[in-house]
file my_file.cif (mmCIF, C-alpha atoms and all ligand atoms)
data_model
loop_
_atom_site.label_atom_id
_atom_site.label_comp_id
_atom_site.auth_asym_id
_atom_site.auth_seq_id
_atom_site.Cartn_x
_atom_site.Cartn_y
_atom_site.Cartn_z
CA MET A 96 133.31 84.73 -123.93
CA LYS A 97 129.94 86.45 -123.73
CA GLN A 98 127.10 84.03 -123.04
CA ASP A 99 125.05 83.28 -126.16
CA ARG A 100 121.46 83.02 -125.00
CA MET A 101 120.48 81.97 -128.53
CA ALA A 102 122.61 78.80 -128.28
CA PRO A 103 119.58 76.51 -127.63
CA PHE A 104 118.20 77.59 -131.02
CA LEU A 105 121.36 77.17 -133.09
CA LYS A 106 123.26 74.44 -134.85
CA ASN A 107 126.74 75.46 -136.04
CA GLY A 108 125.72 79.07 -135.46
CA LYS A 109 122.65 78.88 -137.70
CA GLY A 110 119.00 78.44 -136.90
CA MET A 111 115.66 77.55 -138.41
CA LEU A 112 112.61 78.43 -136.33
CA LEU A 113 108.99 77.51 -136.94
CA ALA A 114 106.53 80.32 -136.15
CA TYR A 115 102.93 79.54 -135.28
CA ASP A 116 101.24 82.56 -133.70
CA GLN A 117 99.23 83.44 -136.81
CA GLY A 118 96.02 82.09 -135.26
CA LEU A 119 96.06 85.17 -133.06
CA GLU A 120 97.72 87.64 -135.43
CA HIS A 121 95.67 86.87 -138.55
CA GLY A 122 92.81 84.68 -137.31
CA PRO A 123 92.28 81.00 -138.09
CA SER A 124 90.23 81.45 -141.25
CA LYS A 125 92.85 83.48 -143.10
CA ASP A 126 95.84 81.17 -142.78
CA PHE A 127 94.68 77.73 -141.69
CA ASP A 128 93.16 74.67 -143.32
CA ASP A 129 91.85 71.45 -141.77
CA ARG A 130 95.36 70.16 -141.31
CA ASN A 131 97.39 73.09 -139.98
CA ILE A 132 94.67 74.45 -137.71
CA ASP A 133 95.73 71.67 -135.34
CA PRO A 134 98.71 72.81 -133.22
CA GLY A 135 99.60 69.14 -132.75
CA PHE A 136 100.35 68.94 -136.47
CA ILE A 137 102.76 71.87 -136.14
CA MET A 138 104.51 70.40 -133.09
CA GLU A 139 105.11 67.19 -135.01
CA ALA A 140 106.31 69.04 -138.12
CA ALA A 141 108.74 71.07 -136.00
CA ALA A 142 110.32 67.92 -134.57
CA LYS A 143 110.31 65.84 -137.76
CA GLY A 144 111.42 68.81 -139.89
CA GLY A 145 114.55 69.36 -137.79
CA PHE A 146 113.60 72.86 -136.66
CA ASN A 147 115.79 74.46 -133.99
CA GLY A 148 112.90 76.18 -132.29
CA VAL A 149 109.16 76.59 -132.30
CA VAL A 150 107.23 79.79 -131.54
CA PHE A 151 103.88 79.62 -129.76
CA GLN A 152 101.63 81.91 -127.79
CA LYS A 153 101.23 80.66 -124.23
CA GLY A 154 97.81 79.01 -124.73
CA VAL A 155 99.11 76.79 -127.50
CA ALA A 156 102.28 76.06 -125.54
CA GLU A 157 100.28 75.11 -122.44
CA ARG A 158 98.23 72.53 -124.35
CA PHE A 159 100.52 71.29 -127.09
CA TYR A 160 104.21 71.85 -126.32
CA ASP A 161 105.86 68.46 -125.98
CA GLY A 162 109.47 69.44 -125.28
CA LYS A 163 110.91 67.91 -128.47
CA VAL A 164 112.06 71.24 -129.94
CA PRO A 165 113.30 74.31 -128.00
CA LEU A 166 110.45 76.70 -127.24
CA ILE A 167 110.03 80.44 -127.76
CA VAL A 168 106.89 81.90 -126.20
CA LYS A 169 105.55 85.09 -127.74
CA VAL A 170 104.81 87.35 -124.79
CA ASN A 171 102.84 89.98 -126.66
CA GLY A 172 100.31 89.67 -129.43
CA LYS A 173 97.27 91.22 -131.06
CA THR A 174 94.48 90.40 -133.46
CA ASN A 175 94.08 92.10 -136.84
CA LEU A 176 90.63 93.44 -135.91
CA PRO A 177 91.09 96.90 -134.34
CA GLY A 178 92.66 98.79 -137.27
CA GLY A 179 94.44 102.10 -136.76
CA GLU A 180 97.99 102.50 -135.59
CA PRO A 181 99.32 99.11 -134.53
CA ILE A 182 100.08 98.23 -130.93
CA SER A 183 100.77 94.85 -129.40
CA ARG A 184 100.83 94.54 -125.62
CA GLN A 185 102.21 91.97 -123.23
CA VAL A 186 99.90 88.98 -122.71
CA CYS A 187 102.25 86.58 -120.93
CA SER A 188 104.85 87.09 -118.21
CA VAL A 189 108.43 86.03 -118.74
CA GLU A 190 108.09 83.95 -115.57
CA HIS A 191 105.18 82.01 -117.03
CA ALA A 192 106.94 81.54 -120.37
CA VAL A 193 109.95 80.07 -118.56
CA SER A 194 107.67 77.81 -116.50
CA LEU A 195 106.32 76.41 -119.78
CA GLY A 196 109.85 75.49 -120.81
CA ALA A 197 110.72 78.51 -122.95
CA LYS A 198 114.39 79.14 -123.63
CA GLY A 199 113.46 82.40 -125.31
CA VAL A 200 110.69 84.97 -125.32
CA GLY A 201 109.44 86.81 -128.39
CA TYR A 202 108.04 90.32 -128.54
CA THR A 203 106.79 92.30 -131.56
CA ILE A 204 107.58 96.00 -131.89
CA TYR A 205 105.84 98.03 -134.60
CA LEU A 206 108.54 100.55 -135.35
CA GLY A 207 107.17 103.92 -136.42
CA SER A 208 103.69 103.29 -135.03
CA ALA A 209 102.12 106.12 -133.04
CA HIS A 210 102.29 103.64 -130.14
CA GLU A 211 105.93 102.73 -130.66
CA ALA A 212 107.03 104.23 -127.33
CA GLU A 213 104.84 101.85 -125.33
CA MET A 214 106.25 98.81 -127.11
CA LEU A 215 109.84 100.01 -126.76
CA ALA A 216 109.34 100.52 -123.02
CA GLU A 217 107.61 97.18 -122.55
CA PHE A 218 110.27 95.31 -124.51
CA GLY A 219 112.93 97.07 -122.41
CA ARG A 220 111.44 95.60 -119.23
CA ILE A 221 110.94 92.16 -120.79
CA GLN A 222 114.52 92.03 -122.08
CA GLU A 223 115.88 92.72 -118.60
CA GLU A 224 113.71 90.09 -117.01
CA ALA A 225 114.49 87.52 -119.70
CA HIS A 226 118.20 88.04 -119.12
CA ARG A 227 117.80 87.81 -115.32
CA ARG A 228 116.16 84.44 -115.92
CA GLY A 229 118.83 83.37 -118.41
CA VAL A 230 116.64 83.16 -121.51
CA ALA A 231 116.87 84.94 -124.86
CA ALA A 232 114.89 88.06 -125.70
CA ILE A 233 113.93 87.97 -129.37
CA ALA A 234 112.44 91.06 -130.99
CA TRP A 235 110.16 90.83 -134.00
CA ILE A 236 110.64 94.33 -135.41
CA TYR A 237 108.26 95.41 -138.13
CA PRO A 238 108.11 99.04 -139.35
CA ARG A 239 104.38 99.71 -139.59
CA GLY A 240 101.81 102.51 -139.36
CA ALA A 241 100.89 105.66 -141.27
CA SER A 242 104.40 107.12 -141.00
CA ILE A 243 106.00 104.17 -142.80
CA GLN A 244 106.16 104.38 -146.58
CA ASN A 245 108.12 101.25 -147.39
CA ASP A 246 108.54 98.70 -144.60
CA VAL A 247 111.04 96.60 -146.57
CA SER A 248 113.38 99.32 -147.84
CA LYS A 249 117.06 98.90 -147.07
CA GLU A 250 116.92 101.84 -144.66
CA MET A 251 113.81 100.68 -142.78
CA VAL A 252 114.93 97.08 -142.37
CA ALA A 253 118.35 98.19 -141.17
CA TYR A 254 116.65 100.57 -138.72
CA ALA A 255 114.61 97.65 -137.41
CA ALA A 256 117.73 95.51 -137.00
CA ARG A 257 119.61 98.30 -135.28
CA THR A 258 116.73 98.94 -132.90
CA GLY A 259 117.05 95.34 -131.76
CA LEU A 260 120.74 95.85 -131.00
CA GLU A 261 120.15 99.12 -129.20
CA LEU A 262 117.45 97.55 -127.01
CA GLY A 263 119.57 94.55 -126.10
CA ALA A 264 117.73 91.90 -128.11
CA ASP A 265 119.63 88.64 -128.49
CA ALA A 266 118.06 88.25 -131.91
CA VAL A 267 115.87 90.21 -134.27
CA LYS A 268 113.29 88.87 -136.66
CA ILE A 269 112.95 91.20 -139.61
CA LYS A 270 111.49 91.18 -143.12
CA TYR A 271 113.62 90.61 -146.20
CA THR A 272 114.59 93.65 -148.26
CA GLY A 273 114.45 91.64 -151.47
CA ASP A 274 118.17 91.30 -152.16
CA SER A 275 121.22 90.04 -150.39
CA VAL A 276 123.35 93.18 -150.69
CA SER A 277 120.80 95.47 -149.08
CA PHE A 278 119.97 92.86 -146.43
CA SER A 279 123.64 92.64 -145.49
CA TRP A 280 123.39 96.29 -144.38
CA ALA A 281 120.74 95.22 -141.86
CA VAL A 282 122.98 92.39 -140.65
CA LYS A 283 125.78 94.94 -140.15
CA ALA A 284 123.39 97.27 -138.36
CA ALA A 285 122.45 94.46 -135.96
CA ALA A 286 126.16 94.26 -135.06
CA GLY A 287 126.05 90.84 -133.43
CA ALA A 288 122.37 90.63 -132.49
CA ARG A 289 121.42 87.55 -134.47
CA VAL A 290 119.31 88.18 -137.54
CA PHE A 291 116.43 85.94 -138.58
CA MET A 292 114.30 86.58 -141.63
CA SER A 293 110.57 86.60 -141.15
CA GLY A 294 108.93 84.31 -143.67
CA GLY A 295 105.90 86.22 -144.95
CA PRO A 296 102.94 84.95 -147.00
CA LYS A 297 103.43 81.73 -148.93
CA THR A 298 105.23 82.41 -152.20
CA GLN A 299 103.90 81.12 -155.54
CA THR A 300 106.78 78.73 -155.99
CA ASP A 301 109.21 76.95 -153.67
CA GLU A 302 112.03 78.36 -155.74
CA ALA A 303 110.95 81.94 -155.00
CA PHE A 304 111.02 81.34 -151.27
CA LEU A 305 114.31 79.47 -151.32
CA GLU A 306 115.90 82.31 -153.33
CA GLN A 307 114.97 84.66 -150.49
CA VAL A 308 116.46 82.30 -147.92
CA LYS A 309 119.64 81.97 -149.99
CA GLY A 310 119.95 85.76 -150.17
CA VAL A 311 119.43 86.06 -146.44
CA MET A 312 122.15 83.53 -145.67
CA GLU A 313 124.55 85.15 -148.17
CA ALA A 314 123.98 88.41 -146.32
CA GLY A 315 125.38 86.85 -143.15
CA ALA A 316 122.13 86.29 -141.29
CA THR A 317 121.69 83.51 -138.75
CA GLY A 318 118.64 81.95 -140.33
CA LEU A 319 114.92 82.27 -140.58
CA ALA A 320 111.78 82.14 -138.52
CA VAL A 321 109.12 80.93 -140.88
CA GLY A 322 105.51 79.88 -140.62
CA ARG A 323 103.24 79.93 -143.62
CA ASN A 324 105.84 78.90 -146.21
CA VAL A 325 106.29 75.66 -144.29
CA TRP A 326 102.98 74.66 -142.75
CA GLN A 327 100.88 75.83 -145.71
CA HIS A 328 103.12 73.78 -147.99
CA LYS A 329 101.64 70.56 -149.40
CA GLU A 330 104.66 68.74 -148.00
CA PRO A 331 106.01 70.69 -145.02
CA LEU A 332 108.76 68.18 -144.33
CA ARG A 333 110.01 68.41 -147.88
CA MET A 334 110.18 72.20 -147.61
CA ALA A 335 111.96 71.83 -144.27
CA GLU A 336 114.54 69.57 -145.91
CA SER A 337 115.13 72.14 -148.69
CA LEU A 338 115.54 74.88 -146.09
CA ARG A 339 118.04 72.83 -144.12
CA ARG A 340 120.11 72.30 -147.26
CA VAL A 341 120.32 76.05 -147.89
CA ILE A 342 120.78 77.16 -144.28
CA PHE A 343 123.11 74.53 -142.85
CA GLU A 344 124.79 73.09 -145.93
CA GLY A 345 125.08 76.25 -148.02
CA ARG A 346 123.57 74.46 -151.04
CA SER A 347 122.19 76.26 -154.07
CA VAL A 348 118.46 76.63 -154.59
CA GLN A 349 118.53 74.01 -157.34
CA GLU A 350 120.36 71.56 -155.09
CA ALA A 351 117.94 72.28 -152.29
CA LEU A 352 115.02 71.44 -154.58
CA ALA A 353 116.50 68.22 -155.91
CA PRO A 354 114.72 65.04 -154.77
P1 LIG B 401 105.21 83.85 -141.42
O1 LIG B 401 106.45 83.13 -141.89
O2 LIG B 401 103.99 83.01 -141.59
O3 LIG B 401 105.11 85.21 -142.06
O4 LIG B 401 105.39 84.06 -139.85
C1 LIG B 401 106.23 85.03 -139.32
C2 LIG B 401 105.47 86.02 -138.46
O5 LIG B 401 106.34 86.97 -137.88
C3 LIG B 401 104.63 85.39 -137.39
O6 LIG B 401 105.35 85.15 -136.21
C4 LIG B 401 103.54 86.39 -137.23
O7 LIG B 401 102.34 85.82 -136.83
C5 LIG B 401 103.35 86.91 -138.60
O8 LIG B 401 104.57 86.74 -139.28
C6 LIG B 401 103.00 88.37 -138.58
O9 LIG B 401 102.55 88.69 -139.84
P2 LIG B 401 102.18 90.16 -140.27
O10 LIG B 401 103.41 90.69 -140.94
O11 LIG B 401 101.04 89.97 -141.21
O12 LIG B 401 101.82 90.94 -139.03
#

call {"tool": "encode", "arguments": {"input": "my_file.cif", "output": "structure tokens"}}
result
Amino acid sequence: MKQDRMAPFLKNGKGMLLAYDQGLEHGPSKDFDDRNIDPGFIMEAAAKGGFNGVVFQKGVAERFYDGKVPLIVKVNGKTNLPGGEPISRQVCSVEHAVSLGAKGVGYTIYLGSAHEAEMLAEFGRIQEEAHRRGVAAIAWIYPRGASIQNDVSKEMVAYAARTGLELGADAVKIKYTGDSVSFSWAVKAAAGARVFMSGGPKTQTDEAFLEQVKGVMEAGATGLAVGRNVWQHKEPLRMAESLRRVIFEGRSVQEALAP
């Protein structure tokens, strides 16, 4: 059987990852408060919340990773300051990520950006090196830039998922289309590359977020890679418990919310 490089991040074929690279992507003042600005708080929440993986940039991993949850190091990144057509370049080698304990590397591609070609080429090299070193290559694929009208349409999200397959990603992290039926087209397009939903900004209610997660799982996805909806929550461990009920136990949203 083909080796599953995502195995370290899965339980019964499903996975729940905690993403924490927003300090670079959005800046600390947009997303963080006095509690979640501390990477130590996130590391603890990842372990106590039963997450199957945690995503850090290398600087946070170097100082705070404690080995309790499998690690994914983001190897590219950008701030939100430059404006214009988005591009995110490599900031960490695969070798260094592996030396920090990573079992997977993450790379964001802005599909449709005027700079898309550079990111496709860079991810191509990173994927080959990750596989030589026996770790997973996980592609965050977000349609973005002036040429993109609707980044969460059925067609765009499926294109993102398919791009991950075509480029040899072990898993893709993509945005939700808004309903299970259209998202299942993206899962089909990924054709075996594992599909994780990207969380997005914190929803108004827990129910709204859990409905998305339910739809994603019904569509046949592997799970989710979430940040703000967990660590901006008043009770991150309670949200983690609700997510586990939906993802691993197939419970309804109401059951997931029950005390
Ligand atoms: P969230 O669940 O907080 O949205 O995190 C997922 C993620 O992909 C992060 O890894 C990344 O920092 C962020 O979203 C990117 O957000 P944006 O879509 O604003 O670029």

call {"tool": "residues_near_ligand", "arguments": {"input": "my_file.cif", "ligand": "ligand LIG 401 (chain B)", "cutoff": "8 Å", "atoms": "only C-alpha atoms and all ligand atoms", "output": "PyMOL selection string"}}
result
chain A and resi 113-121+150+235+237+268+293-297+320-325

call {"tool": "write_last_selection", "arguments": {"input": "my_file.cif", "atoms": "C-alpha atoms", "output": "short mmCIF file (atom, residue, chain, number, x, y, z; two decimals), keeping the file's coordinate frame"}}
result
data_model
loop_
_atom_site.label_atom_id
_atom_site.label_comp_id
_atom_site.auth_asym_id
_atom_site.auth_seq_id
_atom_site.Cartn_x
_atom_site.Cartn_y
_atom_site.Cartn_z
CA LEU A 113 108.99 77.51 -136.94
CA ALA A 114 106.53 80.32 -136.15
CA TYR A 115 102.93 79.54 -135.28
CA ASP A 116 101.24 82.56 -133.70
CA GLN A 117 99.23 83.44 -136.81
CA GLY A 118 96.02 82.09 -135.26
CA LEU A 119 96.06 85.17 -133.06
CA GLU A 120 97.72 87.64 -135.43
CA HIS A 121 95.67 86.87 -138.55
CA VAL A 150 107.23 79.79 -131.54
CA TRP A 235 110.16 90.83 -134.00
CA TYR A 237 108.26 95.41 -138.13
CA LYS A 268 113.29 88.87 -136.66
CA SER A 293 110.57 86.60 -141.15
CA GLY A 294 108.93 84.31 -143.67
CA GLY A 295 105.90 86.22 -144.95
CA PRO A 296 102.94 84.95 -147.00
CA LYS A 297 103.43 81.73 -148.93
CA ALA A 320 111.78 82.14 -138.52
CA VAL A 321 109.12 80.93 -140.88
CA GLY A 322 105.51 79.88 -140.62
CA ARG A 323 103.24 79.93 -143.62
CA ASN A 324 105.84 78.90 -146.21
CA VAL A 325 106.29 75.66 -144.29
#

call {"tool": "residues_around", "arguments": {"input": "my_file.cif", "residues": "Lys109 in chain A", "least_positions_apart": "2", "cutoff": "10 Å", "atoms": "only C-alpha atoms", "output": "JSON, numbers by chain"}}
result
{"A": [101, 102, 104, 105, 106, 107, 111, 147, 289, 290, 291, 312, 316, 317, 318, 319, 339, 342, 343]}

call {"tool": "write_last_selection", "arguments": {"input": "my_file.cif", "atoms": "C-alpha atoms", "output": "mmCIF file, in the frame of the given file"}}
result
data_model
loop_
_atom_site.group_PDB
_atom_site.id
_atom_site.type_symbol
_atom_site.label_atom_id
_atom_site.label_comp_id
_atom_site.auth_asym_id
_atom_site.auth_seq_id
_atom_site.Cartn_x
_atom_site.Cartn_y
_atom_site.Cartn_z
ATOM 1 C CA MET A 101 120.480 81.970 -128.530
ATOM 2 C CA ALA A 102 122.610 78.800 -128.280
ATOM 3 C CA PHE A 104 118.200 77.590 -131.020
ATOM 4 C CA LEU A 105 121.360 77.170 -133.090
ATOM 5 C CA LYS A 106 123.260 74.440 -134.850
ATOM 6 C CA ASN A 107 126.740 75.460 -136.040
ATOM 7 C CA MET A 111 115.660 77.550 -138.410
ATOM 8 C CA ASN A 147 115.790 74.460 -133.990
ATOM 9 C CA ARG A 289 121.420 87.550 -134.470
ATOM 10 C CA VAL A 290 119.310 88.180 -137.540
ATOM 11 C CA PHE A 291 116.430 85.940 -138.580
ATOM 12 C CA MET A 312 122.150 83.530 -145.670
ATOM 13 C CA ALA A 316 122.130 86.290 -141.290
ATOM 14 C CA THR A 317 121.690 83.510 -138.750
ATOM 15 C CA GLY A 318 118.640 81.950 -140.330
ATOM 16 C CA LEU A 319 114.920 82.270 -140.580
ATOM 17 C CA ARG A 339 118.040 72.830 -144.120
ATOM 18 C CA ILE A 342 120.780 77.160 -144.280
ATOM 19 C CA PHE A 343 123.110 74.530 -142.850
#

call {"tool": "closest_residue", "arguments": {"input": "my_file.cif", "among": "A:Ala335, A:Trp326, A:His191, A:Arg158", "to": "Asp126 in chain A", "atoms": "all atoms listed in the file"}}
result
A:Trp326

call {"tool": "closest_residue", "arguments": {"input": "my_file.cif", "among": "A:Pro238, A:Gly315, A:Pro103, A:Gly178", "to": "Ser277 in chain A", "atoms": "all atoms listed in the file"}}
result
A:Gly315

call {"tool": "atom_distance", "arguments": {"input": "my_file.cif", "atom1": "CA of Leu206 in chain A", "atom2": "CA of Ser275 in chain A"}}
result
22.3 Å

call {"tool": "atom_distance", "arguments": {"input": "my_file.cif", "atom1": "CA of Lys270 in chain A", "atom2": "CA of Lys173 in chain A"}}
result
18.6 Å

call {"tool": "decode", "arguments": {"input": "my_file.cif", "residues": "range 181-210 of chain A", "atoms": "N, CA and C atoms", "output": "mmCIF file, in the first residue's frame"}}
result
data_model
loop_
_atom_site.group_PDB
_atom_site.id
_atom_site.type_symbol
_atom_site.label_atom_id
_atom_site.label_comp_id
_atom_site.auth_asym_id
_atom_site.auth_seq_id
_atom_site.Cartn_x
_atom_site.Cartn_y
_atom_site.Cartn_z
ATOM 1 N N PRO A 181 -0.969 38.985 -4.278
ATOM 2 C CA PRO A 181 -0.313 38.264 -3.181
ATOM 3 C C PRO A 181 0.789 37.298 -3.633
ATOM 4 N N ILE A 182 1.848 37.284 -2.845
ATOM 5 C CA ILE A 182 2.910 36.301 -3.032
ATOM 6 C C ILE A 182 3.471 35.963 -1.661
ATOM 7 N N SER A 183 3.754 34.693 -1.454
ATOM 8 C CA SER A 183 4.317 34.236 -0.189
ATOM 9 C C SER A 183 5.511 33.361 -0.537
ATOM 10 N N ARG A 184 6.685 33.743 -0.042
ATOM 11 C CA ARG A 184 7.907 33.035 -0.423
ATOM 12 C C ARG A 184 8.431 32.181 0.724
ATOM 13 N N GLN A 185 9.292 31.266 0.369
ATOM 14 C CA GLN A 185 9.869 30.344 1.347
ATOM 15 C C GLN A 185 10.697 31.111 2.374
ATOM 16 N N VAL A 186 10.458 30.789 3.654
ATOM 17 C CA VAL A 186 11.218 31.423 4.742
ATOM 18 C C VAL A 186 11.902 30.390 5.636
ATOM 19 N N CYS A 187 11.696 29.128 5.345
ATOM 20 C CA CYS A 187 12.296 28.068 6.173
ATOM 21 C C CYS A 187 12.590 26.872 5.274
ATOM 22 N N SER A 188 13.752 26.259 5.445
ATOM 23 C CA SER A 188 14.067 25.087 4.623
ATOM 24 C C SER A 188 13.320 23.863 5.169
ATOM 25 N N VAL A 189 13.128 22.908 4.302
ATOM 26 C CA VAL A 189 12.514 21.647 4.740
ATOM 27 C C VAL A 189 13.452 20.971 5.749
ATOM 28 N N GLU A 190 14.742 21.060 5.486
ATOM 29 C CA GLU A 190 15.728 20.451 6.392
ATOM 30 C C GLU A 190 15.570 21.016 7.810
ATOM 31 N N HIS A 191 15.451 22.338 7.893
ATOM 32 C CA HIS A 191 15.320 22.948 9.219
ATOM 33 C C HIS A 191 13.999 22.550 9.881
ATOM 34 N N ALA A 192 12.934 22.543 9.092
ATOM 35 C CA ALA A 192 11.627 22.136 9.641
ATOM 36 C C ALA A 192 11.724 20.733 10.239
ATOM 37 N N VAL A 193 12.359 19.833 9.516
ATOM 38 C CA VAL A 193 12.492 18.445 9.999
ATOM 39 C C VAL A 193 13.361 18.418 11.265
ATOM 40 N N SER A 194 14.391 19.258 11.298
ATOM 41 C CA SER A 194 15.260 19.279 12.489
ATOM 42 C C SER A 194 14.502 19.785 13.725
ATOM 43 N N LEU A 195 13.433 20.543 13.505
ATOM 44 C CA LEU A 195 12.617 21.023 14.622
ATOM 45 C C LEU A 195 11.600 19.969 15.081
ATOM 46 N N GLY A 196 11.530 18.892 14.332
ATOM 47 C CA GLY A 196 10.606 17.812 14.698
ATOM 48 C C GLY A 196 9.388 17.718 13.798
ATOM 49 N N ALA A 197 9.350 18.513 12.724
ATOM 50 C CA ALA A 197 8.157 18.510 11.865
ATOM 51 C C ALA A 197 7.971 17.166 11.168
ATOM 52 N N LYS A 198 6.724 16.731 11.155
ATOM 53 C CA LYS A 198 6.353 15.538 10.376
ATOM 54 C C LYS A 198 5.635 15.973 9.089
ATOM 55 N N GLY A 199 5.502 17.279 8.940
ATOM 56 C CA GLY A 199 4.895 17.819 7.735
ATOM 57 C C GLY A 199 5.329 19.263 7.552
ATOM 58 N N VAL A 200 5.341 19.700 6.285
ATOM 59 C CA VAL A 200 5.612 21.119 6.028
ATOM 60 C C VAL A 200 4.414 21.713 5.304
ATOM 61 N N GLY A 201 4.133 22.974 5.615
ATOM 62 C CA GLY A 201 2.989 23.659 5.012
ATOM 63 C C GLY A 201 3.458 24.781 4.109
ATOM 64 N N TYR A 202 2.726 24.980 3.024
ATOM 65 C CA TYR A 202 3.111 26.019 2.064
ATOM 66 C C TYR A 202 1.834 26.610 1.477
ATOM 67 N N THR A 203 1.725 27.937 1.470
ATOM 68 C CA THR A 203 0.535 28.592 0.916
ATOM 69 C C THR A 203 0.758 28.995 -0.535
ATOM 70 N N ILE A 204 -0.208 28.628 -1.379
ATOM 71 C CA ILE A 204 -0.200 29.057 -2.787
ATOM 72 C C ILE A 204 -1.429 29.938 -3.008
ATOM 73 N N TYR A 205 -1.205 31.149 -3.527
ATOM 74 C CA TYR A 205 -2.337 32.014 -3.893
ATOM 75 C C TYR A 205 -2.651 31.774 -5.363
ATOM 76 N N LEU A 206 -3.624 30.902 -5.570
ATOM 77 C CA LEU A 206 -3.990 30.500 -6.919
ATOM 78 C C LEU A 206 -4.625 31.688 -7.642
ATOM 79 N N GLY A 207 -4.178 31.942 -8.857
ATOM 80 C CA GLY A 207 -4.748 33.047 -9.623
ATOM 81 C C GLY A 207 -4.015 34.360 -9.437
ATOM 82 N N SER A 208 -3.122 34.427 -8.452
ATOM 83 C CA SER A 208 -2.333 35.652 -8.274
ATOM 84 C C SER A 208 -1.409 35.849 -9.473
ATOM 85 N N ALA A 209 -1.049 37.091 -9.738
ATOM 86 C CA ALA A 209 -0.090 37.363 -10.817
ATOM 87 C C ALA A 209 1.243 36.664 -10.534
ATOM 88 N N HIS A 210 1.471 36.322 -9.268
ATOM 89 C CA HIS A 210 2.733 35.664 -8.884
ATOM 90 C C HIS A 210 2.571 34.158 -8.670
#
